[in-house]
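Novice: Quick one, target11.cif (mmCIF, C-alpha atoms and all ligand atoms):
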data_structure
loop_
_atom_site.label_atom_id
_atom_site.label_comp_id
_atom_site.auth_asym_id
_atom_site.auth_seq_id
_atom_site.Cartn_x
_atom_site.Cartn_y
_atom_site.Cartn_z
CA MET P 1222 69.20 -91.71 -95.84
CA TYR P 1223 71.35 -88.78 -96.89
CA LEU P 1224 74.39 -86.80 -95.87
CA LYS P 1225 73.28 -84.01 -93.62
CA LYS P 1226 76.30 -82.28 -92.19
CA LEU P 1227 80.09 -82.32 -92.09
CA GLU P 1228 82.01 -80.70 -89.23
CA ILE P 1229 85.75 -80.23 -89.46
CA TYR P 1230 88.13 -78.95 -86.81
CA GLY P 1231 91.93 -78.92 -87.06
CA PHE P 1232 91.92 -81.15 -90.14
CA LYS P 1233 94.44 -80.11 -92.82
CA SER P 1234 93.86 -76.45 -93.81
CA PHE P 1235 90.78 -76.08 -91.53
CA ALA P 1236 92.23 -74.61 -88.34
CA ASP P 1237 88.90 -73.10 -87.32
CA LYS P 1238 85.85 -75.24 -86.89
CA ILE P 1239 83.72 -75.31 -90.03
CA GLU P 1240 80.31 -76.79 -90.57
CA ILE P 1241 78.90 -77.69 -93.96
CA ASP P 1242 75.15 -78.22 -94.11
CA PHE P 1243 74.27 -80.30 -97.12
CA LYS P 1244 70.93 -78.71 -97.75
CA LYS P 1245 68.77 -79.99 -100.60
CA GLY P 1246 70.08 -78.86 -103.95
CA ILE P 1247 73.82 -78.78 -103.19
CA THR P 1248 75.61 -80.53 -106.02
CA GLY P 1249 79.15 -79.21 -105.92
CA ILE P 1250 81.92 -77.41 -104.06
CA VAL P 1251 83.83 -74.75 -105.96
CA GLY P 1252 86.78 -72.55 -105.03
CA PRO P 1253 90.21 -71.35 -106.13
CA ASN P 1254 93.17 -73.74 -106.35
CA GLY P 1255 94.47 -74.66 -102.93
CA SER P 1256 91.38 -73.41 -101.11
CA GLY P 1257 90.59 -76.80 -99.56
CA LYS P 1258 88.07 -78.54 -101.83
CA SER P 1259 90.00 -81.80 -101.90
CA ASN P 1260 90.68 -81.48 -98.16
CA ILE P 1261 86.92 -81.66 -97.61
CA ILE P 1262 86.73 -84.97 -99.48
CA ASP P 1263 89.83 -86.16 -97.60
CA ALA P 1264 87.97 -85.35 -94.36
CA VAL P 1265 85.02 -87.51 -95.48
CA ARG P 1266 87.33 -90.39 -96.42
CA TRP P 1267 89.19 -90.06 -93.15
CA VAL P 1268 86.13 -90.08 -90.88
CA LEU P 1269 84.90 -93.19 -92.72
CA GLY P 1270 88.08 -94.90 -91.54
CA GLU P 1271 90.71 -94.38 -94.23
CA GLN P 1272 93.96 -95.92 -92.94
CA SER P 1273 96.25 -94.95 -95.78
CA ALA P 1274 98.08 -91.64 -95.30
CA LYS P 1275 99.05 -91.77 -98.96
CA THR P 1276 95.41 -91.86 -100.11
CA LEU P 1277 94.94 -88.74 -97.98
CA ARG P 1278 97.90 -87.16 -99.81
CA GLY P 1279 100.24 -87.24 -96.81
CA SER P 1280 103.15 -89.37 -95.70
CA LYS P 1281 102.03 -90.19 -92.17
CA MET P 1282 98.63 -90.03 -90.46
CA GLU P 1283 99.56 -87.00 -88.29
CA ASP P 1284 99.88 -85.00 -91.52
CA VAL P 1285 96.11 -84.55 -91.44
CA ILE P 1286 96.42 -82.31 -88.35
CA PHE P 1287 96.61 -78.57 -89.12
CA ASN P 1288 100.35 -77.92 -89.18
CA GLY P 1289 100.37 -74.15 -88.90
CA THR P 1290 101.00 -71.23 -91.19
CA SER P 1291 103.37 -68.25 -90.94
CA HIS P 1292 100.96 -66.54 -88.54
CA ARG P 1293 99.22 -69.44 -86.87
CA ARG P 1294 100.54 -72.17 -84.60
CA PRO P 1295 99.98 -75.83 -85.44
CA LEU P 1296 97.16 -77.62 -83.61
CA GLY P 1297 97.48 -80.72 -81.46
CA MET P 1298 94.45 -82.59 -82.73
CA ALA P 1299 92.04 -82.99 -85.61
CA GLU P 1300 88.39 -83.96 -85.45
CA VAL P 1301 85.86 -84.68 -88.19
CA SER P 1302 82.17 -85.56 -87.76
CA LEU P 1303 79.82 -86.71 -90.48
CA SER P 1304 76.05 -86.75 -89.86
CA PHE P 1305 73.50 -88.77 -91.77
CA ASP P 1306 69.76 -88.44 -91.78
CA ASN P 1307 68.63 -91.95 -90.96
CA SER P 1308 64.88 -91.44 -90.72
CA ASP P 1309 64.39 -94.28 -93.22
CA LYS P 1310 66.48 -96.53 -90.90
CA LEU P 1311 68.73 -97.71 -93.69
CA LEU P 1312 71.58 -97.73 -91.19
CA PRO P 1313 70.91 -100.58 -88.78
CA ILE P 1314 70.80 -98.41 -85.66
CA ASP P 1315 67.85 -97.02 -83.77
CA TYR P 1316 68.49 -93.31 -84.32
CA SER P 1317 67.02 -91.01 -86.93
CA GLU P 1318 70.27 -89.05 -87.06
CA VAL P 1319 73.64 -90.77 -86.95
CA THR P 1320 76.93 -88.95 -86.43
CA ILE P 1321 80.26 -90.65 -86.82
CA THR P 1322 83.35 -88.92 -85.44
CA ARG P 1323 87.07 -89.56 -85.69
CA ARG P 1324 89.79 -87.80 -83.68
CA ILE P 1325 93.54 -87.95 -83.86
CA TYR P 1326 96.14 -86.43 -81.53
CA ARG P 1327 99.75 -85.64 -82.34
CA SER P 1328 100.77 -88.41 -79.97
CA GLY P 1329 99.31 -90.76 -82.58
CA GLU P 1330 96.40 -91.69 -80.31
CA SER P 1331 93.07 -91.78 -82.12
CA GLU P 1332 89.43 -92.49 -81.42
CA TYR P 1333 86.15 -93.20 -83.19
CA LEU P 1334 82.66 -92.38 -81.97
CA ILE P 1335 79.11 -93.15 -83.08
CA ASN P 1336 76.64 -90.57 -81.74
CA LYS P 1337 79.29 -89.40 -79.25
CA THR P 1338 79.83 -92.89 -77.83
CA PRO P 1339 83.35 -94.27 -78.27
CA CYS P 1340 83.48 -97.29 -80.54
CA ARG P 1341 85.87 -99.31 -82.68
CA LEU P 1342 86.62 -98.67 -86.34
CA LYS P 1343 85.08 -102.11 -86.89
CA ASP P 1344 81.74 -100.82 -85.55
CA ILE P 1345 81.75 -97.94 -88.04
CA LYS P 1346 82.65 -100.29 -90.89
CA GLU P 1347 79.84 -102.68 -89.93
CA LEU P 1348 77.34 -99.85 -89.61
CA LEU P 1349 78.07 -98.66 -93.13
CA MET P 1350 78.54 -102.03 -94.80
CA ASP P 1351 76.19 -102.65 -97.74
CA THR P 1352 75.05 -99.02 -97.79
CA GLY P 1353 77.61 -98.01 -100.40
CA ILE P 1354 78.86 -95.27 -98.09
CA GLY P 1355 81.77 -96.97 -96.33
CA ILE P 1356 85.35 -96.49 -97.35
CA ASP P 1357 85.11 -99.52 -99.66
CA GLY P 1358 81.71 -98.44 -100.97
CA TYR P 1359 80.98 -96.61 -104.18
CA SER P 1360 79.83 -93.25 -102.81
CA LEU P 1361 83.36 -91.84 -103.06
CA ILE P 1362 84.89 -92.24 -106.48
CA GLY P 1363 88.39 -90.85 -106.67
CA GLN P 1364 90.22 -89.47 -109.66
CA GLY P 1365 91.28 -92.29 -111.95
CA GLN P 1366 89.00 -94.77 -110.20
CA ILE P 1367 86.50 -94.93 -113.07
CA ASP P 1368 89.25 -96.23 -115.33
CA SER P 1369 90.27 -98.81 -112.81
CA ILE P 1370 86.66 -99.94 -112.34
CA LEU P 1371 86.20 -100.34 -116.09
CA SER P 1372 89.47 -102.15 -116.61
CA SER P 1373 89.50 -104.15 -113.39
CA LYS P 1374 89.29 -107.91 -113.18
CA THR P 1375 85.77 -109.31 -113.15
CA GLU P 1376 86.18 -110.45 -109.52
CA ASP P 1377 87.09 -106.90 -108.45
CA ARG P 1378 84.17 -105.44 -110.32
CA ARG P 1379 81.89 -108.02 -108.75
CA GLN P 1380 82.65 -106.40 -105.38
CA ILE P 1381 80.82 -103.22 -106.41
CA PHE P 1382 77.74 -105.23 -107.33
CA GLU P 1383 77.91 -107.19 -104.09
CA GLU P 1384 77.97 -103.98 -102.07
CA ALA P 1385 74.99 -102.67 -104.06
CA ALA P 1386 73.16 -105.98 -103.55
CA GLY P 1387 73.78 -105.78 -99.82
CA ILE P 1388 75.57 -109.08 -99.27
CA VAL P 1389 79.02 -107.85 -98.21
CA LYS P 1390 78.00 -108.02 -94.56
CA TYR P 1391 77.16 -111.73 -94.81
CA LYS P 1392 80.31 -112.56 -96.71
CA ALA P 1393 82.40 -110.75 -94.09
CA ARG P 1394 80.67 -112.65 -91.27
CA LYS P 1395 81.14 -115.95 -93.09
CA ALA P 1396 84.85 -115.24 -93.58
CA GLU P 1397 85.21 -114.36 -89.91
CA ALA P 1398 83.39 -117.54 -88.82
CA GLU P 1399 85.58 -119.67 -91.06
CA LYS P 1400 88.72 -118.20 -89.46
CA LYS P 1401 87.64 -119.37 -86.01
P1 LIG P 1501 92.86 -77.65 -106.40
O1 LIG P 1501 91.82 -76.81 -107.07
O2 LIG P 1501 94.23 -77.26 -106.83
O3 LIG P 1501 92.59 -79.11 -106.47
P2 LIG P 1501 91.91 -77.69 -103.65
O4 LIG P 1501 90.85 -76.68 -103.38
O5 LIG P 1501 91.49 -79.09 -103.86
O6 LIG P 1501 92.83 -77.19 -104.85
P3 LIG P 1501 93.33 -78.71 -101.38
O7 LIG P 1501 94.24 -79.71 -101.99
O8 LIG P 1501 92.11 -79.20 -100.72
O9 LIG P 1501 92.96 -77.60 -102.46
O10 LIG P 1501 94.10 -77.82 -100.31
C1 LIG P 1501 95.49 -77.67 -100.37
C2 LIG P 1501 95.92 -76.76 -99.25
O11 LIG P 1501 95.77 -77.41 -97.98
C3 LIG P 1501 97.38 -76.39 -99.41
O12 LIG P 1501 97.51 -75.00 -99.29
C4 LIG P 1501 98.04 -77.07 -98.22
O13 LIG P 1501 99.10 -76.34 -97.70
C5 LIG P 1501 96.91 -77.13 -97.22
N1 LIG P 1501 97.15 -78.20 -96.24
C6 LIG P 1501 97.20 -79.53 -96.43
N2 LIG P 1501 97.49 -80.19 -95.29
C7 LIG P 1501 97.60 -79.24 -94.33
C8 LIG P 1501 97.88 -79.27 -92.94
N3 LIG P 1501 98.10 -80.42 -92.27
N4 LIG P 1501 97.92 -78.09 -92.27
C9 LIG P 1501 97.71 -76.93 -92.93
N5 LIG P 1501 97.43 -76.82 -94.23
C10 LIG P 1501 97.38 -77.96 -94.94
MG MG P 1502 91.79 -80.52 -105.39
#
Give the structure from this file in structure tokens form.
Specialist:
Amino acid sequence: MYLKKLEIYGFKSFADKIEIDFKKGITGIVGPNGSGKSNIIDAVRWVLGEQSAKTLRGSKMEDVIFNGTSHRRPLGMAEVSLSFDNSDKLLPIDYSEVTITRRIYRSGESEYLINKTPCRLKDIKELLMDTGIGIDGYSLIGQGQIDSILSSKTEDRRQIFEEAAGIVKYKARKAEAEKK
């Protein structure tokens, strides 16, 4: 499984729809200061279900919607889609390509979709659990996070190994069953 494509529309500085094809061999994104490199990573975090506006460098969730420039009006919604090649069926879903989408409107209303079908955030989280990709996985390592991993408590560090071992799903189900 690998990241195939990222589509961004109306998210932060991307007023026009952009599409990034992660062809084989791409290892980095470069550009001048303020050109939107970090906004691309923010878009990935956001579509994976990030709920903290602060982590996305804003103060409220609507801050992710393009808020206009001196010659362009703000937009009313933002949409990000992330596509994975799933021909090895690592994601437990019967599709060889999986696209997850998140939308937010200025009204605060938001939606999530898997392959264009509306779903809950919980469904996206479950789909990505134990793959390392989800928002709590280890595929996105933020600035300063390496330090915190190295200096974290053993129980916190254990979580990274549990995700890699693929048992987070079962622990989550057990916790849910115990609540009932
Ligand atoms: P650096 O090299 O300094 O880290 P960068 O390429 O990572 O830069 P970003 O932080 O991704 O740059 O982009 C910052 C730009 O995004 C700023 O110009 C900011 O005004 C713009 N921006 C952020 N949120 C929005 C928004 N909601 N609407 C419009 N523009 C936005
Ligand atoms: Mg940056």
Novice: Counting all atoms listed in the file, what residues are within 12 Å of ligand LIG 1501 (chain P), given as JSON, numbers by chain?
Specialist: {"P": [1230, 1231, 1232, 1233, 1234, 1235, 1236, 1237, 1250, 1251, 1252, 1253, 1254, 1255, 1256, 1257, 1258, 1259, 1260, 1261, 1262, 1263, 1264, 1274, 1277, 1278, 1279, 1280, 1281, 1282, 1283, 1284, 1285, 1286, 1287, 1288, 1289, 1290, 1291, 1292, 1293, 1294, 1295, 1296, 1297, 1298, 1299, 1327, 1364]}
Novice: Could you tell me how far CA of Gln1380 in chain P sits from CA of Glu1318 in chain P, in Å to one decimal place?
Specialist: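 Value for the CA of Glu1318 in chain P-CA of Gln1380 in chain P distance: 28.1 Å.
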Novice: When you count only C-alpha atoms, which of these residues is closest to Lys1238 in chain P: P:Ser1331, P:Ser1302, P:Thr1338, P:Ser1317?
Specialist: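 Smallest distance to Lys1238 in chain P is found for P:Ser1302.
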Novice: Could you jot down the CA of Pro1313 in chain P to CA of Leu1348 in chain P separation for me, Å, one decimal place?
Specialist: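 Computed distance, CA of Pro1313 in chain P to CA of Leu1348 in chain P, equals 6.5 Å.
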Novice: Find the distance between CA of Ile1325 in chain P and CA of Arg1341 in chain P and write it in Å to one decimal.
Specialist: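 For CA of Ile1325 in chain P relative to CA of Arg1341 in chain P, the distance reads 13.8 Å.
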Novice: Could you tell me which of P:Gly1363, P:Ser1373, P:Glu1347, P:Ile1356 comes closest to ligand MG 1502 (chain P) if we count all atoms listed in the file?
Specialist: P:Gly1363
Novice: Would you pick out the contacts of Leu1269 in chain P at 10 Å or less, using only C-alpha atoms, so that residues sharing its chain but fewer than 3 positions from it are not included, and give the list as a list in words?
Specialist: Asp1263, Ala1264, Val1265, Arg1266, Gln1272, Val1301, Ser1302, Leu1303, Ile1321, Thr1322, Arg1323, Tyr1333, Leu1342, Ile1345, Lys1346, Leu1349, Ile1354, Gly1355, Ile1356 and Asp1357 of chain P
Novice: For range 1257-1291 of chain P, which lacks atoms in the input, supply N, CA and C atoms and format the output as a PDB file, keeping the file's coordinate frame.
Specialist:
ATOM      1  N   GLY P1257      91.014 -75.754-100.492  1.00  0.00           N
ATOM      2  CA  GLY P1257      90.590 -76.800 -99.560  1.00  0.00           C
ATOM      3  C   GLY P1257      89.474 -77.706-100.027  1.00  0.00           C
ATOM      4  N   LYS P1258      89.150 -77.673-101.331  1.00  0.00           N
ATOM      5  CA  LYS P1258      88.070 -78.540-101.830  1.00  0.00           C
ATOM      6  C   LYS P1258      88.413 -80.010-101.621  1.00  0.00           C
ATOM      7  N   SER P1259      89.617 -80.384-102.050  1.00  0.00           N
ATOM      8  CA  SER P1259      90.000 -81.800-101.900  1.00  0.00           C
ATOM      9  C   SER P1259      90.147 -82.165-100.427  1.00  0.00           C
ATOM     10  N   ASN P1260      90.558 -81.201 -99.603  1.00  0.00           N
ATOM     11  CA  ASN P1260      90.680 -81.480 -98.160  1.00  0.00           C
ATOM     12  C   ASN P1260      89.335 -81.861 -97.554  1.00  0.00           C
ATOM     13  N   ILE P1261      88.256 -81.322 -98.112  1.00  0.00           N
ATOM     14  CA  ILE P1261      86.920 -81.660 -97.610  1.00  0.00           C
ATOM     15  C   ILE P1261      86.617 -83.136 -97.901  1.00  0.00           C
ATOM     16  N   ILE P1262      86.950 -83.558 -99.125  1.00  0.00           N
ATOM     17  CA  ILE P1262      86.730 -84.970 -99.480  1.00  0.00           C
ATOM     18  C   ILE P1262      87.661 -85.864 -98.657  1.00  0.00           C
ATOM     19  N   ASP P1263      88.902 -85.393 -98.442  1.00  0.00           N
ATOM     20  CA  ASP P1263      89.830 -86.160 -97.600  1.00  0.00           C
ATOM     21  C   ASP P1263      89.233 -86.337 -96.200  1.00  0.00           C
ATOM     22  N   ALA P1264      88.573 -85.286 -95.699  1.00  0.00           N
ATOM     23  CA  ALA P1264      87.970 -85.350 -94.360  1.00  0.00           C
ATOM     24  C   ALA P1264      86.873 -86.422 -94.330  1.00  0.00           C
ATOM     25  N   VAL P1265      86.090 -86.499 -95.417  1.00  0.00           N
ATOM     26  CA  VAL P1265      85.020 -87.510 -95.480  1.00  0.00           C
ATOM     27  C   VAL P1265      85.623 -88.913 -95.507  1.00  0.00           C
ATOM     28  N   ARG P1266      86.646 -89.090 -96.353  1.00  0.00           N
ATOM     29  CA  ARG P1266      87.330 -90.390 -96.420  1.00  0.00           C
ATOM     30  C   ARG P1266      87.901 -90.780 -95.064  1.00  0.00           C
ATOM     31  N   TRP P1267      88.488 -89.786 -94.411  1.00  0.00           N
ATOM     32  CA  TRP P1267      89.190 -90.060 -93.150  1.00  0.00           C
ATOM     33  C   TRP P1267      88.208 -90.477 -92.059  1.00  0.00           C
ATOM     34  N   VAL P1268      87.084 -89.754 -91.945  1.00  0.00           N
ATOM     35  CA  VAL P1268      86.130 -90.080 -90.880  1.00  0.00           C
ATOM     36  C   VAL P1268      85.488 -91.453 -91.137  1.00  0.00           C
ATOM     37  N   LEU P1269      85.462 -91.872 -92.409  1.00  0.00           N
ATOM     38  CA  LEU P1269      84.900 -93.190 -92.720  1.00  0.00           C
ATOM     39  C   LEU P1269      85.900 -94.303 -92.404  1.00  0.00           C
ATOM     40  N   GLY P1270      87.119 -93.896 -91.996  1.00  0.00           N
ATOM     41  CA  GLY P1270      88.080 -94.900 -91.540  1.00  0.00           C
ATOM     42  C   GLY P1270      89.300 -95.116 -92.419  1.00  0.00           C
ATOM     43  N   GLU P1271      89.542 -94.214 -93.357  1.00  0.00           N
ATOM     44  CA  GLU P1271      90.710 -94.380 -94.230  1.00  0.00           C
ATOM     45  C   GLU P1271      91.978 -94.578 -93.384  1.00  0.00           C
ATOM     46  N   GLN P1272      92.750 -95.611 -93.704  1.00  0.00           N
ATOM     47  CA  GLN P1272      93.960 -95.920 -92.940  1.00  0.00           C
ATOM     48  C   GLN P1272      95.233 -95.579 -93.719  1.00  0.00           C
ATOM     49  N   SER P1273      95.065 -95.219 -94.983  1.00  0.00           N
ATOM     50  CA  SER P1273      96.250 -94.950 -95.780  1.00  0.00           C
ATOM     51  C   SER P1273      96.543 -93.456 -95.850  1.00  0.00           C
ATOM     52  N   ALA P1274      97.699 -93.055 -95.280  1.00  0.00           N
ATOM     53  CA  ALA P1274      98.080 -91.640 -95.300  1.00  0.00           C
ATOM     54  C   ALA P1274      98.306 -91.185 -96.742  1.00  0.00           C
ATOM     55  N   LYS P1275      98.759 -92.109 -97.569  1.00  0.00           N
ATOM     56  CA  LYS P1275      99.050 -91.770 -98.960  1.00  0.00           C
ATOM     57  C   LYS P1275      97.760 -91.404 -99.713  1.00  0.00           C
ATOM     58  N   THR P1276      96.700 -92.168 -99.474  1.00  0.00           N
ATOM     59  CA  THR P1276      95.410 -91.860-100.110  1.00  0.00           C
ATOM     60  C   THR P1276      94.938 -90.474 -99.696  1.00  0.00           C
ATOM     61  N   LEU P1277      95.343 -90.069 -98.478  1.00  0.00           N
ATOM     62  CA  LEU P1277      94.940 -88.740 -97.980  1.00  0.00           C
ATOM     63  C   LEU P1277      95.987 -87.690 -98.369  1.00  0.00           C
ATOM     64  N   ARG P1278      96.874 -88.061 -99.253  1.00  0.00           N
ATOM     65  CA  ARG P1278      97.900 -87.160 -99.810  1.00  0.00           C
ATOM     66  C   ARG P1278      98.900 -86.686 -98.757  1.00  0.00           C
ATOM     67  N   GLY P1279      99.219 -87.564 -97.801  1.00  0.00           N
ATOM     68  CA  GLY P1279     100.240 -87.240 -96.810  1.00  0.00           C
ATOM     69  C   GLY P1279     101.230 -88.368 -96.731  1.00  0.00           C
ATOM     70  N   SER P1280     102.219 -88.257 -95.818  1.00  0.00           N
ATOM     71  CA  SER P1280     103.150 -89.370 -95.700  1.00  0.00           C
ATOM     72  C   SER P1280     102.941 -90.140 -94.398  1.00  0.00           C
ATOM     73  N   LYS P1281     102.393 -89.463 -93.385  1.00  0.00           N
ATOM     74  CA  LYS P1281     102.030 -90.190 -92.170  1.00  0.00           C
ATOM     75  C   LYS P1281     100.680 -89.651 -91.676  1.00  0.00           C
ATOM     76  N   MET P1282      99.999 -90.406 -90.822  1.00  0.00           N
ATOM     77  CA  MET P1282      98.630 -90.030 -90.460  1.00  0.00           C
ATOM     78  C   MET P1282      98.566 -88.661 -89.774  1.00  0.00           C
ATOM     79  N   GLU P1283      99.587 -88.306 -88.977  1.00  0.00           N
ATOM     80  CA  GLU P1283      99.560 -87.000 -88.290  1.00  0.00           C
ATOM     81  C   GLU P1283      99.549 -85.819 -89.265  1.00  0.00           C
ATOM     82  N   ASP P1284      99.889 -86.085 -90.530  1.00  0.00           N
ATOM     83  CA  ASP P1284      99.880 -85.000 -91.520  1.00  0.00           C
ATOM     84  C   ASP P1284      98.492 -84.415 -91.730  1.00  0.00           C
ATOM     85  N   VAL P1285      97.460 -85.108 -91.259  1.00  0.00           N
ATOM     86  CA  VAL P1285      96.110 -84.550 -91.440  1.00  0.00           C
ATOM     87  C   VAL P1285      95.827 -83.441 -90.420  1.00  0.00           C
ATOM     88  N   ILE P1286      96.652 -83.349 -89.365  1.00  0.00           N
ATOM     89  CA  ILE P1286      96.420 -82.310 -88.350  1.00  0.00           C
ATOM     90  C   ILE P1286      96.974 -80.972 -88.865  1.00  0.00           C
ATOM     91  N   PHE P1287      96.200 -79.918 -88.674  1.00  0.00           N
ATOM     92  CA  PHE P1287      96.610 -78.570 -89.120  1.00  0.00           C
ATOM     93  C   PHE P1287      98.044 -78.299 -88.643  1.00  0.00           C
ATOM     94  N   ASN P1288      98.949 -78.049 -89.601  1.00  0.00           N
ATOM     95  CA  ASN P1288     100.350 -77.920 -89.180  1.00  0.00           C
ATOM     96  C   ASN P1288     100.864 -76.490 -89.174  1.00  0.00           C
ATOM     97  N   GLY P1289      99.956 -75.537 -89.090  1.00  0.00           N
ATOM     98  CA  GLY P1289     100.370 -74.150 -88.900  1.00  0.00           C
ATOM     99  C   GLY P1289     100.656 -73.403 -90.186  1.00  0.00           C
ATOM    100  N   THR P1290     100.635 -72.093 -90.065  1.00  0.00           N
ATOM    101  CA  THR P1290     101.000 -71.230 -91.190  1.00  0.00           C
ATOM    102  C   THR P1290     101.977 -70.204 -90.608  1.00  0.00           C
ATOM    103  N   SER P1291     102.394 -69.234 -91.420  1.00  0.00           N
ATOM    104  CA  SER P1291     103.370 -68.250 -90.940  1.00  0.00           C
ATOM    105  C   SER P1291     102.822 -67.451 -89.747  1.00  0.00           C
TER     106      SER P1291
END
